[in-house]
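Source file: entry36.txt. Holds: compact mmCIF, N, CA and C atoms.
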```txt
# COMPACT_ATOMS: atom_id res chain seq x y z
N MET D 1 -17.54 -1.58 14.19
CA MET D 1 -16.17 -1.84 14.59
C MET D 1 -15.32 -2.05 13.33
N THR D 2 -14.16 -1.44 13.32
CA THR D 2 -13.25 -1.59 12.18
C THR D 2 -12.52 -2.93 12.26
N PRO D 3 -12.19 -3.50 11.11
CA PRO D 3 -11.47 -4.78 11.13
C PRO D 3 -10.04 -4.61 11.64
N ASN D 4 -9.49 -5.69 12.16
CA ASN D 4 -8.09 -5.70 12.57
C ASN D 4 -7.32 -6.44 11.47
N LEU D 5 -6.45 -5.73 10.78
CA LEU D 5 -5.72 -6.30 9.65
C LEU D 5 -4.45 -7.04 10.05
N THR D 6 -4.17 -7.13 11.35
CA THR D 6 -2.94 -7.76 11.81
C THR D 6 -2.77 -9.15 11.19
N GLY D 7 -1.58 -9.39 10.64
CA GLY D 7 -1.29 -10.70 10.07
C GLY D 7 -0.20 -10.64 9.02
N PHE D 8 0.09 -11.80 8.47
CA PHE D 8 1.08 -11.94 7.41
C PHE D 8 0.35 -12.43 6.17
N TYR D 9 0.58 -11.76 5.05
CA TYR D 9 -0.15 -12.03 3.81
C TYR D 9 0.82 -12.25 2.66
N GLN D 10 0.49 -13.21 1.79
CA GLN D 10 1.30 -13.47 0.59
C GLN D 10 0.50 -13.10 -0.65
N LEU D 11 1.19 -12.50 -1.62
CA LEU D 11 0.56 -12.09 -2.87
C LEU D 11 0.01 -13.31 -3.62
N VAL D 12 -1.23 -13.18 -4.10
CA VAL D 12 -1.80 -14.23 -4.95
C VAL D 12 -2.10 -13.72 -6.35
N SER D 13 -2.31 -12.40 -6.51
CA SER D 13 -2.55 -11.87 -7.86
C SER D 13 -2.31 -10.36 -7.87
N GLN D 14 -2.02 -9.87 -9.07
CA GLN D 14 -1.91 -8.42 -9.26
C GLN D 14 -2.26 -8.09 -10.70
N GLU D 15 -2.76 -6.87 -10.89
CA GLU D 15 -3.10 -6.44 -12.24
C GLU D 15 -2.82 -4.95 -12.40
N ASN D 16 -2.39 -4.60 -13.59
CA ASN D 16 -2.16 -3.22 -14.02
C ASN D 16 -0.99 -2.52 -13.31
N MET D 17 -0.05 -3.30 -12.79
CA MET D 17 1.08 -2.70 -12.07
C MET D 17 1.98 -1.87 -12.98
N ASP D 18 2.24 -2.34 -14.19
CA ASP D 18 3.13 -1.60 -15.08
C ASP D 18 2.57 -0.22 -15.39
N ALA D 19 1.28 -0.13 -15.66
CA ALA D 19 0.66 1.17 -15.95
C ALA D 19 0.71 2.08 -14.73
N TYR D 20 0.48 1.51 -13.54
CA TYR D 20 0.54 2.28 -12.30
C TYR D 20 1.95 2.84 -12.09
N LEU D 21 2.96 2.00 -12.24
CA LEU D 21 4.34 2.44 -12.05
C LEU D 21 4.75 3.45 -13.11
N SER D 22 4.27 3.28 -14.33
CA SER D 22 4.54 4.24 -15.40
C SER D 22 3.95 5.61 -15.05
N ALA D 23 2.74 5.62 -14.48
CA ALA D 23 2.11 6.88 -14.08
C ALA D 23 2.89 7.58 -12.98
N LEU D 24 3.68 6.81 -12.22
CA LEU D 24 4.56 7.38 -11.19
C LEU D 24 5.92 7.78 -11.75
N ASP D 25 6.08 7.65 -13.07
CA ASP D 25 7.33 8.00 -13.76
C ASP D 25 8.50 7.09 -13.38
N ILE D 26 8.20 5.83 -13.04
CA ILE D 26 9.24 4.85 -12.75
C ILE D 26 9.83 4.39 -14.08
N ASN D 27 11.15 4.32 -14.17
CA ASN D 27 11.78 3.92 -15.44
C ASN D 27 11.44 2.48 -15.79
N ILE D 28 11.53 2.16 -17.06
CA ILE D 28 11.09 0.85 -17.56
C ILE D 28 11.85 -0.31 -16.94
N ALA D 29 13.15 -0.17 -16.70
CA ALA D 29 13.93 -1.26 -16.12
C ALA D 29 13.43 -1.60 -14.71
N LEU D 30 13.21 -0.57 -13.89
CA LEU D 30 12.72 -0.80 -12.54
C LEU D 30 11.28 -1.34 -12.56
N ARG D 31 10.47 -0.86 -13.50
CA ARG D 31 9.09 -1.37 -13.62
C ARG D 31 9.10 -2.87 -13.89
N LYS D 32 9.98 -3.31 -14.77
CA LYS D 32 10.05 -4.74 -15.11
C LYS D 32 10.42 -5.56 -13.87
N ILE D 33 11.37 -5.06 -13.08
CA ILE D 33 11.77 -5.76 -11.86
C ILE D 33 10.60 -5.83 -10.88
N VAL D 34 9.97 -4.68 -10.64
CA VAL D 34 8.88 -4.62 -9.67
C VAL D 34 7.74 -5.54 -10.08
N CYS D 35 7.43 -5.60 -11.36
CA CYS D 35 6.32 -6.45 -11.82
C CYS D 35 6.61 -7.94 -11.65
N LEU D 36 7.89 -8.30 -11.53
CA LEU D 36 8.25 -9.71 -11.31
C LEU D 36 8.25 -10.10 -9.84
N LEU D 37 8.29 -9.12 -8.95
CA LEU D 37 8.36 -9.40 -7.52
C LEU D 37 7.05 -9.98 -7.00
N ARG D 38 7.16 -10.78 -5.95
CA ARG D 38 6.00 -11.38 -5.28
C ARG D 38 6.00 -10.87 -3.83
N PRO D 39 5.54 -9.64 -3.60
CA PRO D 39 5.64 -9.07 -2.26
C PRO D 39 4.75 -9.77 -1.24
N ASN D 40 5.19 -9.72 0.00
CA ASN D 40 4.39 -10.14 1.15
C ASN D 40 4.05 -8.88 1.94
N LYS D 41 2.98 -8.94 2.71
CA LYS D 41 2.59 -7.85 3.60
C LYS D 41 2.58 -8.37 5.03
N GLN D 42 3.19 -7.62 5.92
CA GLN D 42 3.13 -7.91 7.34
C GLN D 42 2.51 -6.69 8.00
N ILE D 43 1.36 -6.87 8.61
CA ILE D 43 0.63 -5.74 9.19
C ILE D 43 0.45 -5.97 10.68
N SER D 44 0.79 -4.94 11.46
CA SER D 44 0.47 -4.94 12.88
C SER D 44 -0.41 -3.73 13.15
N HIS D 45 -1.48 -3.98 13.90
CA HIS D 45 -2.50 -2.96 14.10
C HIS D 45 -2.91 -2.99 15.57
N ASP D 46 -2.75 -1.86 16.24
CA ASP D 46 -3.19 -1.73 17.62
C ASP D 46 -4.40 -0.81 17.65
N PRO D 47 -5.61 -1.38 17.57
CA PRO D 47 -6.82 -0.56 17.50
C PRO D 47 -6.99 0.36 18.71
N SER D 48 -6.53 -0.06 19.89
CA SER D 48 -6.71 0.77 21.08
C SER D 48 -5.90 2.06 21.02
N LYS D 49 -4.78 2.03 20.29
CA LYS D 49 -3.92 3.22 20.17
C LYS D 49 -4.05 3.89 18.81
N GLY D 50 -4.79 3.27 17.89
CA GLY D 50 -4.91 3.84 16.55
C GLY D 50 -3.60 3.84 15.79
N HIS D 51 -2.76 2.86 16.06
CA HIS D 51 -1.44 2.79 15.45
C HIS D 51 -1.34 1.58 14.54
N MET D 52 -0.62 1.73 13.42
CA MET D 52 -0.49 0.64 12.47
C MET D 52 0.89 0.69 11.82
N VAL D 53 1.42 -0.50 11.53
CA VAL D 53 2.65 -0.64 10.75
C VAL D 53 2.34 -1.61 9.62
N ILE D 54 2.61 -1.17 8.39
CA ILE D 54 2.45 -2.02 7.22
C ILE D 54 3.84 -2.19 6.60
N ARG D 55 4.30 -3.44 6.57
CA ARG D 55 5.60 -3.75 5.97
C ARG D 55 5.36 -4.49 4.66
N THR D 56 5.94 -3.98 3.59
CA THR D 56 5.91 -4.65 2.30
C THR D 56 7.29 -5.28 2.11
N LEU D 57 7.31 -6.60 1.97
CA LEU D 57 8.57 -7.35 1.98
C LEU D 57 8.79 -8.02 0.63
N THR D 58 9.96 -7.77 0.04
CA THR D 58 10.32 -8.42 -1.23
C THR D 58 11.79 -8.83 -1.17
N THR D 59 12.21 -9.61 -2.14
CA THR D 59 13.62 -9.99 -2.24
C THR D 59 14.47 -8.84 -2.74
N PHE D 60 13.84 -7.80 -3.29
CA PHE D 60 14.55 -6.65 -3.86
C PHE D 60 14.72 -5.54 -2.84
N ARG D 61 13.62 -5.18 -2.17
CA ARG D 61 13.64 -4.06 -1.23
C ARG D 61 12.41 -4.16 -0.33
N ASN D 62 12.56 -3.76 0.93
CA ASN D 62 11.44 -3.72 1.86
C ASN D 62 11.02 -2.27 2.06
N PHE D 63 9.74 -2.08 2.38
CA PHE D 63 9.22 -0.74 2.60
C PHE D 63 8.33 -0.78 3.84
N ASP D 64 8.63 0.07 4.83
CA ASP D 64 7.84 0.13 6.06
C ASP D 64 7.04 1.42 6.10
N MET D 65 5.80 1.29 6.52
CA MET D 65 4.93 2.45 6.70
C MET D 65 4.41 2.38 8.14
N ASP D 66 4.80 3.33 8.98
CA ASP D 66 4.49 3.34 10.40
C ASP D 66 3.71 4.63 10.68
N PHE D 67 2.46 4.52 11.16
CA PHE D 67 1.62 5.71 11.25
C PHE D 67 0.53 5.56 12.30
N ASN D 68 -0.03 6.70 12.68
CA ASN D 68 -1.21 6.77 13.53
C ASN D 68 -2.40 7.12 12.65
N LEU D 69 -3.46 6.39 12.81
CA LEU D 69 -4.65 6.60 12.00
C LEU D 69 -5.21 8.01 12.18
N GLY D 70 -5.59 8.62 11.06
CA GLY D 70 -6.22 9.93 11.08
C GLY D 70 -5.27 11.10 11.22
N GLN D 71 -3.96 10.84 11.38
CA GLN D 71 -2.99 11.92 11.54
C GLN D 71 -2.14 12.05 10.28
N THR D 72 -2.08 13.26 9.73
CA THR D 72 -1.27 13.51 8.54
C THR D 72 0.21 13.49 8.93
N PHE D 73 1.01 12.85 8.09
CA PHE D 73 2.45 12.79 8.33
C PHE D 73 3.19 12.93 7.00
N THR D 74 4.46 13.27 7.09
CA THR D 74 5.31 13.36 5.90
C THR D 74 5.84 11.97 5.60
N GLU D 75 5.50 11.46 4.42
CA GLU D 75 5.91 10.12 4.01
C GLU D 75 7.01 10.25 2.96
N ASP D 76 8.15 9.65 3.25
CA ASP D 76 9.27 9.64 2.32
C ASP D 76 9.12 8.42 1.42
N LEU D 77 8.74 8.66 0.17
CA LEU D 77 8.56 7.58 -0.79
C LEU D 77 9.80 7.42 -1.67
N GLY D 78 10.95 7.86 -1.15
CA GLY D 78 12.20 7.72 -1.87
C GLY D 78 12.45 6.33 -2.40
N PRO D 79 12.23 5.29 -1.59
CA PRO D 79 12.45 3.93 -2.10
C PRO D 79 11.49 3.54 -3.22
N VAL D 80 10.36 4.22 -3.32
CA VAL D 80 9.36 3.88 -4.34
C VAL D 80 9.57 4.70 -5.60
N ASP D 81 9.44 6.03 -5.46
CA ASP D 81 9.53 6.89 -6.65
C ASP D 81 10.27 8.20 -6.41
N GLY D 82 10.95 8.32 -5.26
CA GLY D 82 11.76 9.50 -5.01
C GLY D 82 10.99 10.72 -4.55
N ARG D 83 9.71 10.58 -4.26
CA ARG D 83 8.90 11.72 -3.87
C ARG D 83 8.62 11.72 -2.36
N VAL D 84 8.17 12.88 -1.89
CA VAL D 84 7.70 13.04 -0.52
C VAL D 84 6.24 13.48 -0.61
N CYS D 85 5.39 12.87 0.21
CA CYS D 85 3.96 13.18 0.21
C CYS D 85 3.51 13.54 1.62
N GLN D 86 2.42 14.28 1.69
CA GLN D 86 1.70 14.47 2.94
C GLN D 86 0.61 13.39 2.94
N THR D 87 0.71 12.47 3.87
CA THR D 87 -0.11 11.26 3.84
C THR D 87 -1.02 11.18 5.05
N THR D 88 -2.25 10.77 4.80
CA THR D 88 -3.22 10.50 5.86
C THR D 88 -3.85 9.14 5.59
N VAL D 89 -3.89 8.30 6.62
CA VAL D 89 -4.52 6.98 6.52
C VAL D 89 -5.59 6.89 7.59
N ASP D 90 -6.79 6.47 7.18
CA ASP D 90 -7.88 6.33 8.16
C ASP D 90 -8.92 5.37 7.62
N TRP D 91 -9.80 4.95 8.49
CA TRP D 91 -10.88 4.05 8.10
C TRP D 91 -12.00 4.82 7.44
N GLN D 92 -12.54 4.26 6.38
CA GLN D 92 -13.80 4.70 5.79
C GLN D 92 -14.67 3.46 5.76
N GLY D 93 -15.51 3.32 6.77
CA GLY D 93 -16.26 2.08 6.94
C GLY D 93 -15.29 0.97 7.29
N ASP D 94 -15.33 -0.13 6.52
CA ASP D 94 -14.42 -1.25 6.78
C ASP D 94 -13.21 -1.25 5.86
N LYS D 95 -12.95 -0.11 5.21
CA LYS D 95 -11.79 0.01 4.31
C LYS D 95 -10.77 0.98 4.90
N LEU D 96 -9.50 0.61 4.79
CA LEU D 96 -8.41 1.47 5.22
C LEU D 96 -7.98 2.28 4.01
N VAL D 97 -8.15 3.60 4.09
CA VAL D 97 -7.93 4.48 2.93
C VAL D 97 -6.77 5.42 3.20
N CYS D 98 -5.85 5.48 2.24
CA CYS D 98 -4.68 6.34 2.31
C CYS D 98 -4.78 7.41 1.22
N VAL D 99 -4.58 8.66 1.61
CA VAL D 99 -4.52 9.78 0.67
C VAL D 99 -3.11 10.35 0.74
N GLN D 100 -2.43 10.41 -0.41
CA GLN D 100 -1.05 10.90 -0.49
C GLN D 100 -1.05 12.17 -1.35
N LYS D 101 -0.87 13.32 -0.70
CA LYS D 101 -0.87 14.60 -1.41
C LYS D 101 0.55 15.01 -1.72
N GLY D 102 0.79 15.30 -3.00
CA GLY D 102 2.12 15.69 -3.44
C GLY D 102 2.10 16.05 -4.90
N GLU D 103 3.16 15.68 -5.62
CA GLU D 103 3.30 16.04 -7.03
C GLU D 103 2.27 15.37 -7.93
N LYS D 104 1.85 14.18 -7.59
CA LYS D 104 0.92 13.42 -8.43
C LYS D 104 -0.50 13.53 -7.87
N GLU D 105 -1.45 13.83 -8.76
CA GLU D 105 -2.85 13.96 -8.36
C GLU D 105 -3.48 12.59 -8.10
N ASN D 106 -4.50 12.60 -7.25
CA ASN D 106 -5.32 11.40 -7.00
C ASN D 106 -4.46 10.19 -6.63
N ARG D 107 -3.49 10.40 -5.74
CA ARG D 107 -2.59 9.32 -5.34
C ARG D 107 -3.01 8.78 -3.98
N GLY D 108 -2.99 7.45 -3.87
CA GLY D 108 -3.29 6.81 -2.60
C GLY D 108 -3.59 5.35 -2.80
N TRP D 109 -4.13 4.73 -1.76
CA TRP D 109 -4.46 3.32 -1.83
C TRP D 109 -5.57 2.99 -0.85
N THR D 110 -6.18 1.83 -1.05
CA THR D 110 -7.23 1.33 -0.16
C THR D 110 -6.98 -0.15 0.10
N HIS D 111 -7.03 -0.54 1.38
CA HIS D 111 -6.94 -1.95 1.81
C HIS D 111 -8.29 -2.37 2.37
N TRP D 112 -8.72 -3.60 2.10
CA TRP D 112 -9.89 -4.16 2.75
C TRP D 112 -9.79 -5.68 2.75
N LEU D 113 -10.51 -6.29 3.68
CA LEU D 113 -10.53 -7.74 3.82
C LEU D 113 -11.81 -8.32 3.24
N GLU D 114 -11.67 -9.47 2.60
CA GLU D 114 -12.81 -10.31 2.21
C GLU D 114 -12.41 -11.72 2.61
N GLY D 115 -12.92 -12.18 3.75
CA GLY D 115 -12.50 -13.48 4.28
C GLY D 115 -11.03 -13.42 4.66
N ASP D 116 -10.23 -14.35 4.11
CA ASP D 116 -8.79 -14.34 4.40
C ASP D 116 -7.99 -13.66 3.30
N LEU D 117 -8.68 -12.91 2.44
CA LEU D 117 -8.00 -12.18 1.36
C LEU D 117 -7.91 -10.70 1.70
N LEU D 118 -6.71 -10.16 1.58
CA LEU D 118 -6.46 -8.73 1.76
C LEU D 118 -6.36 -8.10 0.38
N HIS D 119 -7.24 -7.17 0.09
CA HIS D 119 -7.24 -6.49 -1.20
C HIS D 119 -6.51 -5.15 -1.06
N LEU D 120 -5.78 -4.79 -2.09
CA LEU D 120 -5.09 -3.50 -2.15
C LEU D 120 -5.35 -2.88 -3.52
N GLU D 121 -5.94 -1.69 -3.50
CA GLU D 121 -6.15 -0.93 -4.73
C GLU D 121 -5.28 0.31 -4.64
N MET D 122 -4.36 0.48 -5.59
CA MET D 122 -3.44 1.61 -5.61
C MET D 122 -3.84 2.55 -6.74
N ARG D 123 -3.88 3.87 -6.43
CA ARG D 123 -4.33 4.85 -7.40
C ARG D 123 -3.29 5.95 -7.59
N VAL D 124 -3.17 6.41 -8.82
CA VAL D 124 -2.42 7.63 -9.12
C VAL D 124 -2.99 8.18 -10.41
N GLN D 125 -3.33 9.47 -10.39
CA GLN D 125 -3.98 10.12 -11.52
C GLN D 125 -5.22 9.30 -11.89
N ASP D 126 -5.33 8.81 -13.12
CA ASP D 126 -6.51 8.02 -13.50
C ASP D 126 -6.19 6.53 -13.63
N VAL D 127 -5.07 6.09 -13.06
CA VAL D 127 -4.63 4.70 -13.18
C VAL D 127 -4.88 3.97 -11.85
N VAL D 128 -5.40 2.75 -11.95
CA VAL D 128 -5.65 1.92 -10.78
C VAL D 128 -4.98 0.56 -10.98
N ALA D 129 -4.21 0.14 -9.99
CA ALA D 129 -3.62 -1.21 -9.97
C ALA D 129 -4.20 -1.95 -8.77
N LYS D 130 -4.27 -3.26 -8.89
CA LYS D 130 -4.85 -4.06 -7.80
C LYS D 130 -3.93 -5.22 -7.46
N GLN D 131 -3.87 -5.50 -6.16
CA GLN D 131 -3.17 -6.69 -5.67
C GLN D 131 -4.08 -7.39 -4.67
N VAL D 132 -3.98 -8.71 -4.63
CA VAL D 132 -4.73 -9.50 -3.66
C VAL D 132 -3.72 -10.39 -2.93
N PHE D 133 -3.83 -10.42 -1.60
CA PHE D 133 -2.96 -11.20 -0.74
C PHE D 133 -3.79 -12.18 0.08
N LYS D 134 -3.23 -13.34 0.38
CA LYS D 134 -3.91 -14.34 1.21
C LYS D 134 -3.23 -14.39 2.57
N LYS D 135 -4.05 -14.35 3.63
CA LYS D 135 -3.51 -14.41 4.98
C LYS D 135 -2.96 -15.81 5.25
N VAL D 136 -1.75 -15.87 5.82
CA VAL D 136 -1.13 -17.16 6.07
C VAL D 136 -0.91 -17.44 7.56
N ASN D 137 -1.31 -16.52 8.44
CA ASN D 137 -1.27 -16.83 9.88
C ASN D 137 -2.37 -16.12 10.60
```
Take the structure in the file and write it out as structure tokens.
Amino acid sequence: MTPNLTGFYQLVSQENMDAYLSALDINIALRKIVCLLRPNKQISHDPSKGHMVIRTLTTFRNFDMDFNLGQTFTEDLGPVDGRVCQTTVDWQGDKLVCVQKGEKENRGWTHWLEGDLLHLEMRVQDVVAKQVFKKVN
């Protein structure tokens, strides 16, 4: 059985974000702002319908990702880096894996739970950034 990620999570740590954003060609001023943000994640997951919404919430900008598991969709990453990707999100064991096909190679992310900690590994090209969030409800 796949885990249910539903909940509200607050950031507790992050590493290598500047290098990750640089690999996405984000300008230095915006990278500095993003690296200072303390994002929260709000996830709703309906396992019976295979539907999920992941909201990334910050004081600067919010980003919503609304999708059906296993179905490829066009993702507008304009708020992130101005690109559009063909995105597929699905379970691989107990990890939620996203593949984003577009201008940048090897782009995507993986979410998984360890106790009340939600881990996020973000990839682009050969760069990996990590964030850890703690569930608060």
Discussion item. Could you go through chain D and tell me which residues DSSP, when run on the backbone, assigns to helix (DSSP H, G or I), listing them as number ranges by chain?
Written reply: D: 17-23, 28-36
Discussion item. Nearest residue to Glu121 in chain D out of D:Tyr9, D:Trp109, D:Gln42, D:Glu15, using all atoms listed in the file?
Written reply: D:Trp109
Excluding same-chain residues fewer than 2 positions from Gly7 in chain D, what lies within 6 Å of it counting only N, CA and C atoms, as an mmCIF file with N, CA and C atoms, in the coordinates of the input?
```
data_model
loop_
_atom_site.group_PDB
_atom_site.id
_atom_site.type_symbol
_atom_site.label_atom_id
_atom_site.label_comp_id
_atom_site.auth_asym_id
_atom_site.auth_seq_id
_atom_site.Cartn_x
_atom_site.Cartn_y
_atom_site.Cartn_z
ATOM 1 N N LEU D 5 -6.450 -5.730 10.780
ATOM 2 C CA LEU D 5 -5.720 -6.300 9.650
ATOM 3 C C LEU D 5 -4.450 -7.040 10.050
ATOM 4 N N TYR D 9 0.580 -11.760 5.050
ATOM 5 C CA TYR D 9 -0.150 -12.030 3.810
ATOM 6 C C TYR D 9 0.820 -12.250 2.660
ATOM 7 N N LYS D 41 2.980 -8.940 2.710
ATOM 8 C CA LYS D 41 2.590 -7.850 3.600
ATOM 9 C C LYS D 41 2.580 -8.370 5.030
ATOM 10 N N GLN D 42 3.190 -7.620 5.920
ATOM 11 C CA GLN D 42 3.130 -7.910 7.340
ATOM 12 C C GLN D 42 2.510 -6.690 8.000
ATOM 13 N N ILE D 43 1.360 -6.870 8.610
ATOM 14 C CA ILE D 43 0.630 -5.740 9.190
ATOM 15 C C ILE D 43 0.450 -5.970 10.680
ATOM 16 N N SER D 44 0.790 -4.940 11.460
ATOM 17 C CA SER D 44 0.470 -4.940 12.880
ATOM 18 C C SER D 44 -0.410 -3.730 13.150
ATOM 19 N N ASN D 137 -1.310 -16.520 8.440
ATOM 20 C CA ASN D 137 -1.270 -16.830 9.880
ATOM 21 C C ASN D 137 -2.370 -16.120 10.600
#
```
Worksheet item: Leaving out range 46-61 of chain D and any residue of its chain fewer than 3 positions from it, which residues lie within 9 Å of it when counting only C-alpha atoms, given as a list in words?
Response: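 Everything that qualifies: Thr2, Pro3, Asn4, Thr6, Ile33, Val34, Leu37, Arg38, Pro39, Asn40, Lys41, Gln42, Ile43, Asp64, Met65, Asp66, Phe67, Asn68, Leu69, Gly70 and Pro79 of chain D.
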Item to complete: Taking the DSSP assignment computed from this structure's backbone, write out as a count of residues only all residues of chain D that belong to strand (DSSP E).
Response: 76
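Reported to one decimal place, the separation of CA of Asn27 in chain D from CA of Lys104 in chain D is 16.0 Å.
For Asp18 in chain D, the list of residues within 8 Å, based on only C-alpha atoms and with local chain neighbours fewer than 5 positions off taken out, reads D:Arg31, D:Lys32, D:Cys35.
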Worksheet entry | atom C of Lys101 in chain D to CA of Gln125 in chain D, distance in Å rounded to a single decimal |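 Taking atom C of Lys101 in chain D as the start and CA of Gln125 in chain D as the end point, the length is 11.9 Å.
Between CA of Asp81 in chain D and CA of Met17 in chain D the separation is 13.9 Å.
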Worksheet item: Quick one: of D:His111, D:Met1, D:Lys95, D:Phe8, who's nearest to Lys135 in chain D, counting all atoms listed in the file?
Response: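 The answer is D:Phe8, which sits nearest to Lys135 in chain D.
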Worksheet entry | Polymer residues at most 8 Å from Glu103 in chain D, all atoms listed in the file, same-chain spacing of 4 or more positions, as a PyMOL selection string | chain D and resi 83-86+107
Based on the selection just made, write N, CA and C atoms of those residues as a PDB file, in the frame of the given file.
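Once everything was written out, this is part14.pdb:
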```pdb
ATOM      1  N   ARG D  83       9.710  10.580  -4.260  1.00  0.00           N
ATOM      2  CA  ARG D  83       8.900  11.720  -3.870  1.00  0.00           C
ATOM      3  C   ARG D  83       8.620  11.720  -2.360  1.00  0.00           C
ATOM      4  N   VAL D  84       8.170  12.880  -1.890  1.00  0.00           N
ATOM      5  CA  VAL D  84       7.700  13.040  -0.520  1.00  0.00           C
ATOM      6  C   VAL D  84       6.240  13.480  -0.610  1.00  0.00           C
ATOM      7  N   CYS D  85       5.390  12.870   0.210  1.00  0.00           N
ATOM      8  CA  CYS D  85       3.960  13.180   0.210  1.00  0.00           C
ATOM      9  C   CYS D  85       3.510  13.540   1.620  1.00  0.00           C
ATOM     10  N   GLN D  86       2.420  14.280   1.690  1.00  0.00           N
ATOM     11  CA  GLN D  86       1.700  14.470   2.940  1.00  0.00           C
ATOM     12  C   GLN D  86       0.610  13.390   2.940  1.00  0.00           C
ATOM     13  N   ARG D 107      -3.490  10.400  -5.740  1.00  0.00           N
ATOM     14  CA  ARG D 107      -2.590   9.320  -5.340  1.00  0.00           C
ATOM     15  C   ARG D 107      -3.010   8.780  -3.980  1.00  0.00           C
TER      16      ARG D 107
END
```
Can you pull out every residue within 9 Å of Lys130 in chain D, counting only C-alpha atoms, but drop anything in the same chain fewer than 6 positions away, and send it as a tab-separated table (two decimals) with N, CA and C atoms, keeping the file's coordinate frame?
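Below is the file that was written, result35.tsv:
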```tsv
chain	number	residue	atom	x	y	z
D	13	SER	N	-2.31	-12.40	-6.51
D	13	SER	CA	-2.55	-11.87	-7.86
D	13	SER	C	-2.31	-10.36	-7.87
D	14	GLN	N	-2.02	-9.87	-9.07
D	14	GLN	CA	-1.91	-8.42	-9.26
D	14	GLN	C	-2.26	-8.09	-10.70
D	15	GLU	N	-2.76	-6.87	-10.89
D	15	GLU	CA	-3.10	-6.44	-12.24
D	15	GLU	C	-2.82	-4.95	-12.40
D	16	ASN	N	-2.39	-4.60	-13.59
D	16	ASN	CA	-2.16	-3.22	-14.02
D	16	ASN	C	-0.99	-2.52	-13.31
D	17	MET	N	-0.05	-3.30	-12.79
D	17	MET	CA	1.08	-2.70	-12.07
D	17	MET	C	1.98	-1.87	-12.98
D	119	HIS	N	-7.24	-7.17	0.09
D	119	HIS	CA	-7.24	-6.49	-1.20
D	119	HIS	C	-6.51	-5.15	-1.06
D	120	LEU	N	-5.78	-4.79	-2.09
D	120	LEU	CA	-5.09	-3.50	-2.15
D	120	LEU	C	-5.35	-2.88	-3.52
D	121	GLU	N	-5.94	-1.69	-3.50
D	121	GLU	CA	-6.15	-0.93	-4.73
D	121	GLU	C	-5.28	0.31	-4.64
D	122	MET	N	-4.36	0.48	-5.59
D	122	MET	CA	-3.44	1.61	-5.61
D	122	MET	C	-3.84	2.55	-6.74
D	123	ARG	N	-3.88	3.87	-6.43
D	123	ARG	CA	-4.33	4.85	-7.40
D	123	ARG	C	-3.29	5.95	-7.59
```
Worksheet item: Which one is closest to Val136 in chain D: D:Gln10, D:Ala19, D:Val89, D:Asp76? Count all atoms listed in the file.
Response: D:Gln10
Worksheet item: Pick the closest to Val99 in chain D from D:Phe73, D:His45, D:Phe133, D:Asp116: which is it, counting only C-alpha atoms?
Response: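 Of the candidates, the smallest distance to Val99 in chain D is held by D:Phe73.
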Fill in: Nearest-residue call for Glu105 in chain D, choices D:Ala23, D:Leu11, D:Val132, D:Ala29, using only C-alpha atoms
D:Ala23
Practice prompt. Kindly indicate which residue among D:Thr88, D:Asp94, D:Tyr20, D:Asn62 lies nearest to Thr74 in chain D, using all atoms listed in the file for the distances.
Written response: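 Checking each of D:Thr88, D:Asp94, D:Tyr20, D:Asn62 against Thr74 in chain D, counting all atoms listed in the file, the winner is D:Thr88.
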